[in-house]
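*Asks:* upload_30.txt is reproduced below (compact mmCIF, C-alpha atoms and all ligand atoms).
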```
# COMPACT_ATOMS: atom_id res chain seq x y z
CA GLY A 1 -91.35 -62.79 -20.89
CA VAL A 2 -87.78 -63.59 -21.85
CA ASP A 3 -85.87 -66.76 -22.49
CA PHE A 4 -82.10 -66.87 -22.45
CA LYS A 5 -79.50 -69.14 -24.02
CA MET A 6 -75.79 -68.96 -24.73
CA LYS A 7 -73.84 -70.51 -27.52
CA THR A 8 -70.28 -70.29 -28.75
CA ILE A 9 -69.83 -70.17 -32.48
CA GLU A 10 -66.82 -69.58 -34.63
CA VAL A 11 -66.86 -66.81 -37.20
CA ASP A 12 -63.81 -66.17 -39.39
CA GLY A 13 -61.64 -68.06 -36.93
CA ILE A 14 -62.83 -66.00 -33.96
CA LYS A 15 -64.66 -67.77 -31.18
CA VAL A 16 -67.66 -65.73 -30.18
CA ARG A 17 -69.99 -66.44 -27.34
CA ILE A 18 -73.42 -65.19 -28.21
CA GLN A 19 -76.10 -64.49 -25.67
CA ILE A 20 -79.52 -65.07 -27.13
CA TRP A 21 -82.48 -63.32 -25.57
CA ASP A 22 -85.76 -64.66 -26.90
CA THR A 23 -88.40 -62.10 -26.09
CA ALA A 24 -92.09 -62.98 -25.97
CA GLY A 25 -94.27 -61.61 -28.71
CA GLN A 26 -97.44 -61.09 -26.71
CA GLU A 27 -98.57 -57.59 -25.99
CA ARG A 28 -98.72 -58.12 -22.22
CA TYR A 29 -94.96 -58.69 -22.03
CA GLN A 30 -94.06 -55.60 -24.03
CA THR A 31 -92.93 -53.40 -21.16
CA ILE A 32 -90.53 -56.12 -20.05
CA THR A 33 -89.23 -57.12 -23.45
CA LYS A 34 -88.48 -53.58 -24.54
CA GLN A 35 -85.97 -53.33 -21.71
CA TYR A 36 -83.95 -55.99 -23.44
CA TYR A 37 -83.60 -54.07 -26.69
CA ARG A 38 -81.43 -51.50 -25.02
CA ARG A 39 -78.30 -53.61 -24.78
CA ALA A 40 -78.78 -55.69 -27.91
CA GLN A 41 -76.09 -55.77 -30.54
CA GLY A 42 -78.00 -57.85 -33.06
CA ILE A 43 -81.70 -58.48 -33.52
CA PHE A 44 -83.72 -61.02 -35.50
CA LEU A 45 -87.17 -59.86 -36.52
CA VAL A 46 -89.09 -63.06 -37.11
CA TYR A 47 -92.36 -63.72 -38.88
CA ASP A 48 -94.15 -66.89 -39.85
CA ILE A 49 -94.58 -67.50 -43.60
CA THR A 50 -97.93 -69.19 -42.92
CA SER A 51 -99.30 -66.06 -41.25
CA GLU A 52 -99.88 -62.86 -43.19
CA ARG A 53 -100.67 -61.20 -39.87
CA SER A 54 -97.27 -61.99 -38.39
CA PHE A 55 -95.67 -60.49 -41.50
CA GLN A 56 -97.66 -57.29 -41.09
CA HIS A 57 -96.51 -57.10 -37.47
CA ILE A 58 -92.90 -56.80 -38.57
CA MET A 59 -93.42 -53.09 -39.14
CA LYS A 60 -94.40 -52.68 -35.52
CA TRP A 61 -91.37 -54.68 -34.34
CA ALA A 62 -89.09 -52.66 -36.58
CA SER A 63 -90.39 -49.38 -35.20
CA ASP A 64 -89.98 -50.65 -31.61
CA VAL A 65 -86.42 -51.62 -32.41
CA ASP A 66 -85.80 -48.16 -33.87
CA GLU A 67 -87.14 -46.61 -30.73
CA TYR A 68 -85.58 -48.78 -28.05
CA ALA A 69 -82.49 -50.50 -29.45
CA PRO A 70 -79.14 -48.76 -29.56
CA GLU A 71 -78.11 -47.03 -32.74
CA GLY A 72 -76.04 -49.28 -34.94
CA VAL A 73 -77.76 -52.48 -33.77
CA GLN A 74 -77.57 -55.12 -36.51
CA LYS A 75 -80.87 -56.51 -37.79
CA ILE A 76 -81.90 -59.47 -39.89
CA LEU A 77 -85.38 -60.33 -41.11
CA ILE A 78 -86.31 -63.98 -40.65
CA ALA A 79 -89.18 -65.76 -42.39
CA ASN A 80 -89.67 -68.91 -40.34
CA LYS A 81 -91.59 -72.15 -40.99
CA ALA A 82 -90.15 -72.54 -44.50
CA ASP A 83 -90.99 -76.24 -44.15
CA GLU A 84 -94.70 -75.37 -44.29
CA ASP A 85 -94.67 -74.27 -47.91
CA GLN A 86 -98.15 -75.66 -48.60
CA LYS A 87 -99.60 -73.27 -45.98
CA ARG A 88 -97.58 -70.31 -47.13
CA GLN A 89 -99.31 -66.92 -47.03
CA VAL A 90 -96.25 -64.73 -47.47
CA GLY A 91 -94.05 -65.05 -50.56
CA ALA A 92 -90.29 -65.03 -50.25
CA ASN A 93 -90.21 -62.02 -52.55
CA GLN A 94 -92.42 -60.04 -50.15
CA GLY A 95 -90.02 -60.76 -47.31
CA GLN A 96 -87.07 -59.90 -49.47
CA LYS A 97 -88.60 -56.59 -50.46
CA LEU A 98 -89.42 -55.62 -46.89
CA ALA A 99 -85.90 -56.53 -45.77
CA LYS A 100 -84.49 -54.43 -48.57
CA ASP A 101 -86.66 -51.46 -47.59
CA TYR A 102 -85.33 -51.71 -44.05
CA GLY A 103 -81.76 -52.35 -45.17
CA MET A 104 -81.66 -55.78 -43.55
CA ASP A 105 -80.42 -59.18 -44.68
CA PHE A 106 -83.15 -61.75 -45.19
CA TYR A 107 -83.36 -65.49 -44.53
CA GLU A 108 -86.13 -67.99 -44.87
CA THR A 109 -85.60 -70.54 -42.10
CA SER A 110 -87.14 -73.54 -40.49
CA ALA A 111 -86.64 -74.16 -36.80
CA CYS A 112 -88.27 -77.50 -37.53
CA THR A 113 -85.79 -78.79 -40.15
CA ASN A 114 -82.89 -76.54 -39.11
CA TYR A 115 -82.88 -74.90 -42.52
CA ASN A 116 -80.72 -71.71 -42.51
CA ILE A 117 -80.60 -71.57 -38.72
CA LYS A 118 -76.85 -71.77 -38.42
CA GLU A 119 -76.44 -69.53 -41.45
CA SER A 120 -78.61 -66.76 -40.05
CA PHE A 121 -76.96 -66.81 -36.61
CA THR A 122 -73.53 -66.80 -38.18
CA ARG A 123 -74.48 -63.89 -40.42
CA LEU A 124 -75.85 -61.80 -37.56
CA THR A 125 -72.72 -62.49 -35.53
CA GLU A 126 -70.59 -61.47 -38.51
CA LEU A 127 -72.50 -58.22 -38.81
CA VAL A 128 -72.03 -57.49 -35.11
CA LEU A 129 -68.31 -58.20 -35.36
CA GLN A 130 -68.03 -55.97 -38.41
CA ALA A 131 -69.81 -53.20 -36.55
CA HIS A 132 -67.23 -53.55 -33.77
CA LYS A 133 -64.45 -53.34 -36.27
CA LYS A 134 -65.78 -50.00 -37.38
CA GLU A 135 -65.76 -48.77 -33.80
CA LEU A 136 -62.22 -49.97 -33.42
CA ASP A 137 -61.23 -48.13 -36.57
CA VAL A 138 -62.51 -45.00 -34.95
CA LEU A 139 -59.91 -45.60 -32.31
CA ARG A 140 -57.45 -45.75 -35.23
CA LEU A 141 -56.38 -49.21 -34.26
CA SER A 142 -56.59 -51.82 -36.93
CA ASN A 143 -57.80 -55.32 -36.36
CA ASP A 144 -54.23 -56.63 -36.55
CA GLU A 145 -53.02 -54.22 -33.98
CA LEU A 146 -55.63 -55.48 -31.58
CA ASN A 147 -54.87 -59.13 -32.25
CA LEU A 148 -58.58 -59.65 -32.50
CA ALA A 149 -58.11 -63.22 -33.65
CA ASP A 150 -56.30 -64.06 -30.43
CA LEU A 151 -59.02 -62.80 -28.21
CA GLU A 152 -61.37 -65.14 -26.47
CA VAL A 153 -65.11 -64.59 -26.44
CA ASP A 154 -65.31 -62.55 -23.28
CA ASP A 155 -62.70 -60.19 -24.59
CA LEU A 156 -65.14 -59.07 -27.21
CA LYS A 157 -67.26 -57.48 -24.56
CA PRO A 158 -66.93 -53.86 -25.54
CA ARG A 159 -66.70 -52.83 -21.92
CA ILE A 160 -63.37 -54.58 -21.46
CA LEU A 161 -62.00 -54.11 -24.92
CA TRP A 162 -62.82 -50.46 -25.05
CA THR A 163 -61.61 -49.39 -21.68
CA THR A 164 -58.41 -51.39 -21.63
CA VAL A 165 -57.27 -50.35 -25.07
CA ARG A 166 -58.62 -46.84 -24.84
CA ASP A 167 -57.42 -45.99 -21.36
CA TYR A 168 -53.95 -47.47 -21.73
CA SER A 169 -53.50 -45.68 -25.06
CA GLN A 170 -54.70 -42.43 -23.59
CA LEU A 171 -52.51 -42.71 -20.49
CA GLN A 172 -49.60 -43.27 -22.84
CA GLU A 173 -50.61 -40.24 -24.89
CA LEU A 174 -50.82 -37.96 -21.85
CA GLN A 175 -47.43 -39.11 -20.61
CA THR A 176 -46.02 -38.44 -24.10
CA ARG A 177 -47.49 -34.95 -24.19
CA TYR A 178 -46.04 -33.99 -20.80
CA PRO A 179 -42.90 -36.11 -20.46
CA HIS A 180 -41.31 -34.09 -17.66
CA ARG A 181 -44.06 -32.38 -15.76
CA LEU A 182 -46.61 -35.19 -15.54
CA THR A 183 -46.07 -38.59 -13.97
CA VAL A 184 -48.58 -41.29 -14.70
CA LEU A 185 -48.65 -44.03 -12.07
CA ALA A 186 -50.77 -47.10 -12.73
CA PHE A 187 -51.88 -49.60 -10.07
CA PRO A 188 -53.19 -52.90 -11.42
CA CYS A 189 -55.94 -54.39 -9.29
CA ASN A 190 -57.87 -57.63 -9.49
CA GLN A 191 -60.90 -56.49 -7.48
CA PHE A 192 -63.09 -55.60 -10.46
CA GLY A 193 -64.58 -58.66 -12.10
CA TYR A 194 -61.21 -60.42 -11.59
CA GLN A 195 -60.10 -58.76 -14.81
CA GLU A 196 -56.46 -58.42 -13.74
CA ASN A 197 -55.76 -62.02 -12.91
CA CYS A 198 -52.24 -62.13 -14.39
CA ASN A 199 -49.23 -62.50 -12.12
CA ASN A 200 -47.26 -59.29 -11.74
CA GLU A 201 -44.67 -60.70 -14.12
CA GLU A 202 -47.29 -61.36 -16.80
CA ILE A 203 -48.90 -57.94 -16.85
CA LEU A 204 -46.40 -56.29 -19.19
CA ASN A 205 -46.62 -59.19 -21.61
CA SER A 206 -50.37 -59.10 -21.63
CA LEU A 207 -50.23 -55.37 -22.46
CA LYS A 208 -47.67 -56.07 -25.14
CA TYR A 209 -49.32 -59.00 -26.86
CA VAL A 210 -53.00 -58.94 -25.99
CA ARG A 211 -54.49 -55.58 -25.07
CA PRO A 212 -53.60 -53.03 -26.32
CA GLY A 213 -51.24 -55.47 -28.10
CA ASN A 214 -49.00 -54.74 -31.06
CA GLY A 215 -45.91 -54.43 -28.88
CA PHE A 216 -47.47 -51.92 -26.50
CA LYS A 217 -44.90 -50.81 -23.94
CA PRO A 218 -46.09 -48.36 -21.29
CA ASN A 219 -44.04 -45.18 -21.01
CA PHE A 220 -45.23 -44.79 -17.42
CA SER A 221 -44.74 -46.70 -14.20
CA ILE A 222 -46.90 -49.68 -13.39
CA PHE A 223 -46.85 -50.91 -9.82
CA GLN A 224 -47.39 -54.38 -8.47
CA LYS A 225 -50.99 -55.43 -8.10
CA CYS A 226 -52.65 -54.10 -4.98
CA ASP A 227 -56.04 -53.82 -3.33
CA VAL A 228 -57.75 -50.48 -3.64
CA ASN A 229 -60.84 -51.40 -1.61
CA GLY A 230 -61.53 -53.47 1.50
CA ALA A 231 -59.44 -54.48 4.48
CA ASN A 232 -56.13 -54.52 2.62
CA THR A 233 -56.54 -51.23 0.82
CA HIS A 234 -53.17 -49.84 -0.19
CA PRO A 235 -52.34 -46.74 1.89
CA VAL A 236 -52.10 -44.62 -1.26
CA PHE A 237 -55.71 -45.41 -2.08
CA ALA A 238 -56.88 -45.08 1.52
CA TYR A 239 -55.45 -41.58 1.42
CA LEU A 240 -56.81 -40.69 -2.01
CA LYS A 241 -60.29 -41.96 -1.21
CA GLU A 242 -60.33 -40.03 2.02
CA LYS A 243 -59.35 -36.82 0.28
CA LEU A 244 -61.55 -37.31 -2.79
CA PRO A 245 -64.59 -39.37 -1.75
CA VAL A 246 -66.46 -40.03 -5.05
CA PRO A 247 -65.88 -38.97 -8.63
CA ASP A 248 -67.90 -35.83 -9.10
CA ASP A 249 -68.68 -36.67 -12.72
CA ASP A 250 -70.49 -39.89 -11.93
CA PRO A 251 -71.76 -40.16 -8.36
CA THR A 252 -74.34 -42.85 -9.08
CA SER A 253 -72.68 -45.68 -10.94
CA PHE A 254 -70.99 -47.19 -7.89
CA MET A 255 -71.74 -50.93 -7.94
CA THR A 256 -74.57 -51.67 -10.24
CA ASP A 257 -74.37 -55.36 -9.46
CA PRO A 258 -73.72 -56.64 -5.91
CA LYS A 259 -71.92 -59.74 -7.20
CA PHE A 260 -69.02 -57.48 -8.19
CA ILE A 261 -68.46 -56.36 -4.62
CA ILE A 262 -65.87 -58.90 -3.59
CA TRP A 263 -64.20 -57.00 -0.77
CA SER A 264 -65.09 -55.99 2.72
CA PRO A 265 -65.67 -53.75 4.52
CA ILE A 266 -67.49 -51.72 1.92
CA ASN A 267 -67.12 -48.00 2.04
CA ARG A 268 -69.10 -45.31 0.30
CA SER A 269 -65.94 -43.86 -1.16
CA ASP A 270 -64.77 -47.16 -2.65
CA ILE A 271 -63.50 -47.31 -6.16
CA ALA A 272 -66.22 -48.57 -8.47
CA TRP A 273 -64.26 -50.12 -11.33
CA ASN A 274 -61.00 -50.17 -13.26
CA PHE A 275 -59.68 -46.92 -14.68
CA GLU A 276 -60.87 -44.52 -12.09
CA LYS A 277 -58.32 -41.74 -12.19
CA PHE A 278 -56.94 -39.40 -9.51
CA LEU A 279 -55.20 -36.17 -10.40
CA ILE A 280 -52.69 -34.79 -7.91
CA GLY A 281 -51.20 -31.28 -8.12
CA PRO A 282 -47.54 -30.26 -8.16
CA GLU A 283 -47.46 -29.76 -4.39
CA GLY A 284 -48.94 -33.20 -3.77
CA GLU A 285 -52.42 -31.83 -3.25
CA THR A 286 -55.28 -34.08 -4.29
CA PHE A 287 -57.11 -32.29 -7.05
CA LYS A 288 -59.82 -34.38 -8.65
CA ARG A 289 -61.19 -37.91 -8.99
CA TYR A 290 -62.63 -39.07 -12.31
CA SER A 291 -64.93 -42.01 -12.90
CA LYS A 292 -64.19 -44.91 -15.23
CA LYS A 293 -66.56 -43.25 -17.70
CA PHE A 294 -64.55 -40.06 -17.85
CA GLN A 295 -62.17 -40.36 -20.78
CA THR A 296 -58.59 -40.34 -19.59
CA ILE A 297 -57.51 -37.99 -22.36
CA SER A 298 -60.12 -35.46 -21.26
CA ILE A 299 -58.17 -34.90 -18.04
CA GLU A 300 -55.71 -32.84 -20.08
CA PRO A 301 -57.33 -29.42 -19.48
CA ASP A 302 -57.13 -30.03 -15.71
CA ILE A 303 -53.49 -31.06 -16.05
CA GLN A 304 -52.74 -27.89 -17.97
CA ARG A 305 -54.51 -25.84 -15.35
CA LEU A 306 -52.43 -27.37 -12.58
CA LEU A 307 -49.19 -26.97 -14.53
N1 LIG A 401 -93.61 -76.19 -38.90
C1 LIG A 401 -92.92 -75.41 -38.14
N2 LIG A 401 -93.40 -75.03 -36.95
C2 LIG A 401 -92.66 -74.19 -36.17
C3 LIG A 401 -91.39 -73.71 -36.58
N3 LIG A 401 -90.93 -72.89 -35.63
C4 LIG A 401 -91.84 -72.87 -34.67
N4 LIG A 401 -92.89 -73.64 -34.97
C5 LIG A 401 -94.09 -73.84 -34.17
O1 LIG A 401 -94.78 -72.61 -34.09
C6 LIG A 401 -95.38 -72.44 -32.81
C7 LIG A 401 -94.94 -71.14 -32.16
O2 LIG A 401 -93.55 -71.21 -31.92
P1 LIG A 401 -92.85 -70.31 -30.82
O3 LIG A 401 -91.42 -70.64 -30.85
O4 LIG A 401 -93.54 -70.44 -29.53
O5 LIG A 401 -93.14 -68.88 -31.41
P2 LIG A 401 -92.77 -67.47 -30.77
O6 LIG A 401 -92.85 -66.47 -31.85
O7 LIG A 401 -91.51 -67.55 -30.00
O8 LIG A 401 -93.95 -67.21 -29.78
P3 LIG A 401 -93.96 -66.24 -28.52
O9 LIG A 401 -92.87 -66.71 -27.62
O10 LIG A 401 -95.30 -66.45 -27.95
O11 LIG A 401 -93.71 -64.88 -29.02
C8 LIG A 401 -94.99 -73.68 -32.02
O12 LIG A 401 -96.06 -74.58 -32.09
C9 LIG A 401 -93.79 -74.23 -32.75
O13 LIG A 401 -93.66 -75.62 -32.64
C10 LIG A 401 -90.92 -74.14 -37.87
O14 LIG A 401 -89.84 -73.78 -38.34
N5 LIG A 401 -91.73 -74.98 -38.60
```
If you took the structure in this file and wrote it as structure tokens, what would it be?

*Replies:*
Amino acid sequence: GVDFKMKTIEVDGIKVRIQIWDTAGQERYQTITKQYYRRAQGIFLVYDITSERSFQHIMKWASDVDEYAPEGVQKILIANKADEDQKRQVGANQGQKLAKDYGMDFYETSACTNYNIKESFTRLTELVLQAHKKELDVLRLSNDELNLADLEVDDLKPRILWTTVRDYSQLQELQTRYPHRLTVLAFPCNQFGYQENCNNEEILNSLKYVRPGNGFKPNFSIFQKCDVNGANTHPVFAYLKEKLPVPDDDPTSFMTDPKFIIWSPINRSDIAWNFEKFLIGPEGETFKRYSKKFQTISIEPDIQRLL
């Protein structure tokens, strides 16, 4: 019920790799295709200008998108088969009006002659990027500060962008708030999607110039890279995992995809991803383990309690 393609396009000087999921229109695939709305960032709703019926179906697609797609998903209405003007049943003005009612951009296209294909994909990508910019503004970091233009396609994956910028900034903030009574210790690790593949010597530069960028200089200690799972687990993490087996705020998210488990042996208490946090009390007692989802800054009440 779903076809998949990837393509890299350049928008405003930024290289973006887009993943295109082409979902089947037929009713019998609906339960499958709806699953794909959930992680979409941009959606084309497509009708055929030679079919009044396909135009009327747009309302159904739009309500499905409302129901199943994430809030803030970008949408564009597409009127395809513009090359078949002699068979046209739906006027461009009708499409335009519907798009306006739904607050979407509108393009007439032809997959046959390539008319407006590049334009519509570029526009949707632009809208998705703009939507990201807004999210980044929420983090009070401007585009420049993030060096967005320097980032490669994969870096635009919110997962990486968000956690790296957010967690480093929040670690920095916590260390600033408690300069004497809290010590933040960071252990880079390349066992999660090979995301920390710099040499030890390159890590500080990548923090400074790439993410978080803008001259970021950690005010806390960063160790050499180490393993936190598997046969060569660093003793610090062997100890911490023994004392605090799984984050109590997120016991289920451990390893959603087996291809990410690149160590052995595997242990139930293994660390699931970057930015799991461990809080240790003033007497060296292990206090609490927080998942990658738990915002670093939200550890503050526990820190205060321990202090
Ligand atoms: N003339 C013309 N024909 C087109 C154009 N785009 C698609 N077609 C034809 O329309 C028919 C349906 O195209 P599909 O791409 O299968 O349509 P779809 O909406 O993806 O269909 P489902 O996957 O079943 O949902 C095919 O015969 C295509 O060759 C176009 O721009 N112009």

*Asks:* To one decimal place in Å, what is the distance between CA of Thr176 in chain A and CA of Glu202 in chain A?

*Replies:* 24.1 Å

*Asks:* Output the neighbourhood of ligand LIG 401 (chain A) as JSON, numbers by chain, that is, all protein and nucleic acid residues with some atom at most 12 Å from the ligand, counting all atoms listed in the file.

*Replies:* {"A": [1, 2, 3, 4, 21, 22, 23, 24, 25, 26, 27, 28, 29, 30, 33, 44, 45, 46, 47, 48, 49, 50, 51, 54, 55, 57, 58, 61, 78, 79, 80, 81, 82, 83, 84, 85, 86, 87, 88, 108, 109, 110, 111, 112, 113, 114, 115, 116, 117]}

*Asks:* Measure the distance from CA of Gln191 in chain A to CA of Cys226 in chain A in Å and round it to one decimal.

*Replies:*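 Taking CA of Gln191 in chain A as the start and CA of Cys226 in chain A as the end point, the length is 8.9 Å.
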
*Asks:* Please measure the separation of CA of Leu185 in chain A and CA of Ile222 in chain A, giving the value in Å to one decimal.

*Replies:*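 Separation between CA of Leu185 in chain A and CA of Ile222 in chain A: 6.1 Å.
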
*Asks:* Excluding same-chain residues fewer than 6 positions from Leu77 in chain A, what lies within 10 Å of it counting all atoms listed in the file, as a PDB file with C-alpha atoms, in the coordinates of the input?

*Replies:*
```
ATOM      1  CA  ILE A  43     -81.700 -58.480 -33.520  1.00  0.00           C
ATOM      2  CA  PHE A  44     -83.720 -61.020 -35.500  1.00  0.00           C
ATOM      3  CA  LEU A  45     -87.170 -59.860 -36.520  1.00  0.00           C
ATOM      4  CA  VAL A  46     -89.090 -63.060 -37.110  1.00  0.00           C
ATOM      5  CA  TYR A  47     -92.360 -63.720 -38.880  1.00  0.00           C
ATOM      6  CA  ILE A  58     -92.900 -56.800 -38.570  1.00  0.00           C
ATOM      7  CA  ALA A  62     -89.090 -52.660 -36.580  1.00  0.00           C
ATOM      8  CA  GLY A  95     -90.020 -60.760 -47.310  1.00  0.00           C
ATOM      9  CA  GLN A  96     -87.070 -59.900 -49.470  1.00  0.00           C
ATOM     10  CA  LEU A  98     -89.420 -55.620 -46.890  1.00  0.00           C
ATOM     11  CA  ALA A  99     -85.900 -56.530 -45.770  1.00  0.00           C
ATOM     12  CA  LYS A 100     -84.490 -54.430 -48.570  1.00  0.00           C
ATOM     13  CA  TYR A 102     -85.330 -51.710 -44.050  1.00  0.00           C
ATOM     14  CA  GLY A 103     -81.760 -52.350 -45.170  1.00  0.00           C
ATOM     15  CA  MET A 104     -81.660 -55.780 -43.550  1.00  0.00           C
ATOM     16  CA  ASP A 105     -80.420 -59.180 -44.680  1.00  0.00           C
ATOM     17  CA  PHE A 106     -83.150 -61.750 -45.190  1.00  0.00           C
ATOM     18  CA  TYR A 107     -83.360 -65.490 -44.530  1.00  0.00           C
ATOM     19  CA  GLU A 108     -86.130 -67.990 -44.870  1.00  0.00           C
ATOM     20  CA  SER A 120     -78.610 -66.760 -40.050  1.00  0.00           C
TER      21      SER A 120
END
```

*Asks:* So, with all atoms listed in the file as the atoms that count, which of A:Thr122, A:Gln130, A:Thr8, A:Gln56 lies closest to Gly72 in chain A?

*Replies:*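 When distances to Gly72 in chain A are compared using all atoms listed in the file, the smallest one comes from A:Gln130.
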
*Asks:* Measuring between only C-alpha atoms, which one of A:Gly215, A:Gln41, A:Val165, A:Lys97 shows the shortest distance to His132 in chain A?

*Replies:*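 Using only C-alpha atoms, the shortest distance to His132 in chain A belongs to A:Gln41.
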
*Asks:* In the coordinates of the file, take the point (-50.3, -42.7, -26.8) and a cut-off of 12 Å; then, counting only C-alpha atoms, name each qualifying protein, DNA or RNA residue as JSON, numbers by chain.

*Replies:* {"A": [139, 140, 141, 165, 166, 167, 168, 169, 170, 171, 172, 173, 174, 175, 176, 177, 178, 179, 212, 216, 217, 218, 219, 220, 296, 297]}

*Asks:* Can I get the selection written as an mmCIF file, in the frame of the given file, with C-alpha atoms?

*Replies:*
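See out_4.cif below for the written result:
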```cif
data_model
loop_
_atom_site.group_PDB
_atom_site.id
_atom_site.type_symbol
_atom_site.label_atom_id
_atom_site.label_comp_id
_atom_site.auth_asym_id
_atom_site.auth_seq_id
_atom_site.Cartn_x
_atom_site.Cartn_y
_atom_site.Cartn_z
ATOM 1 C CA LEU A 139 -59.910 -45.600 -32.310
ATOM 2 C CA ARG A 140 -57.450 -45.750 -35.230
ATOM 3 C CA LEU A 141 -56.380 -49.210 -34.260
ATOM 4 C CA VAL A 165 -57.270 -50.350 -25.070
ATOM 5 C CA ARG A 166 -58.620 -46.840 -24.840
ATOM 6 C CA ASP A 167 -57.420 -45.990 -21.360
ATOM 7 C CA TYR A 168 -53.950 -47.470 -21.730
ATOM 8 C CA SER A 169 -53.500 -45.680 -25.060
ATOM 9 C CA GLN A 170 -54.700 -42.430 -23.590
ATOM 10 C CA LEU A 171 -52.510 -42.710 -20.490
ATOM 11 C CA GLN A 172 -49.600 -43.270 -22.840
ATOM 12 C CA GLU A 173 -50.610 -40.240 -24.890
ATOM 13 C CA LEU A 174 -50.820 -37.960 -21.850
ATOM 14 C CA GLN A 175 -47.430 -39.110 -20.610
ATOM 15 C CA THR A 176 -46.020 -38.440 -24.100
ATOM 16 C CA ARG A 177 -47.490 -34.950 -24.190
ATOM 17 C CA TYR A 178 -46.040 -33.990 -20.800
ATOM 18 C CA PRO A 179 -42.900 -36.110 -20.460
ATOM 19 C CA PRO A 212 -53.600 -53.030 -26.320
ATOM 20 C CA PHE A 216 -47.470 -51.920 -26.500
ATOM 21 C CA LYS A 217 -44.900 -50.810 -23.940
ATOM 22 C CA PRO A 218 -46.090 -48.360 -21.290
ATOM 23 C CA ASN A 219 -44.040 -45.180 -21.010
ATOM 24 C CA PHE A 220 -45.230 -44.790 -17.420
ATOM 25 C CA THR A 296 -58.590 -40.340 -19.590
ATOM 26 C CA ILE A 297 -57.510 -37.990 -22.360
#
```

*Asks:* So that all listed atoms of range 112-117 of chain A fit with 5 Å spare on each side, what axis-aligned box centre and edge lengths in Å, to one decimal, would you give as JSON?

*Replies:*
```
{"center_x": -84.4, "center_y": -75.2, "center_z": -40.0, "size_x": 17.7, "size_y": 17.2, "size_z": 15.0}
```

*Asks:* For Glu10 in chain A, which residue among A:Ile266, A:Val246, A:Val90, A:Leu129 is the nearest when counting all atoms listed in the file?

*Replies:*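 Among the listed residues, the smallest separation from Glu10 in chain A belongs to A:Leu129.
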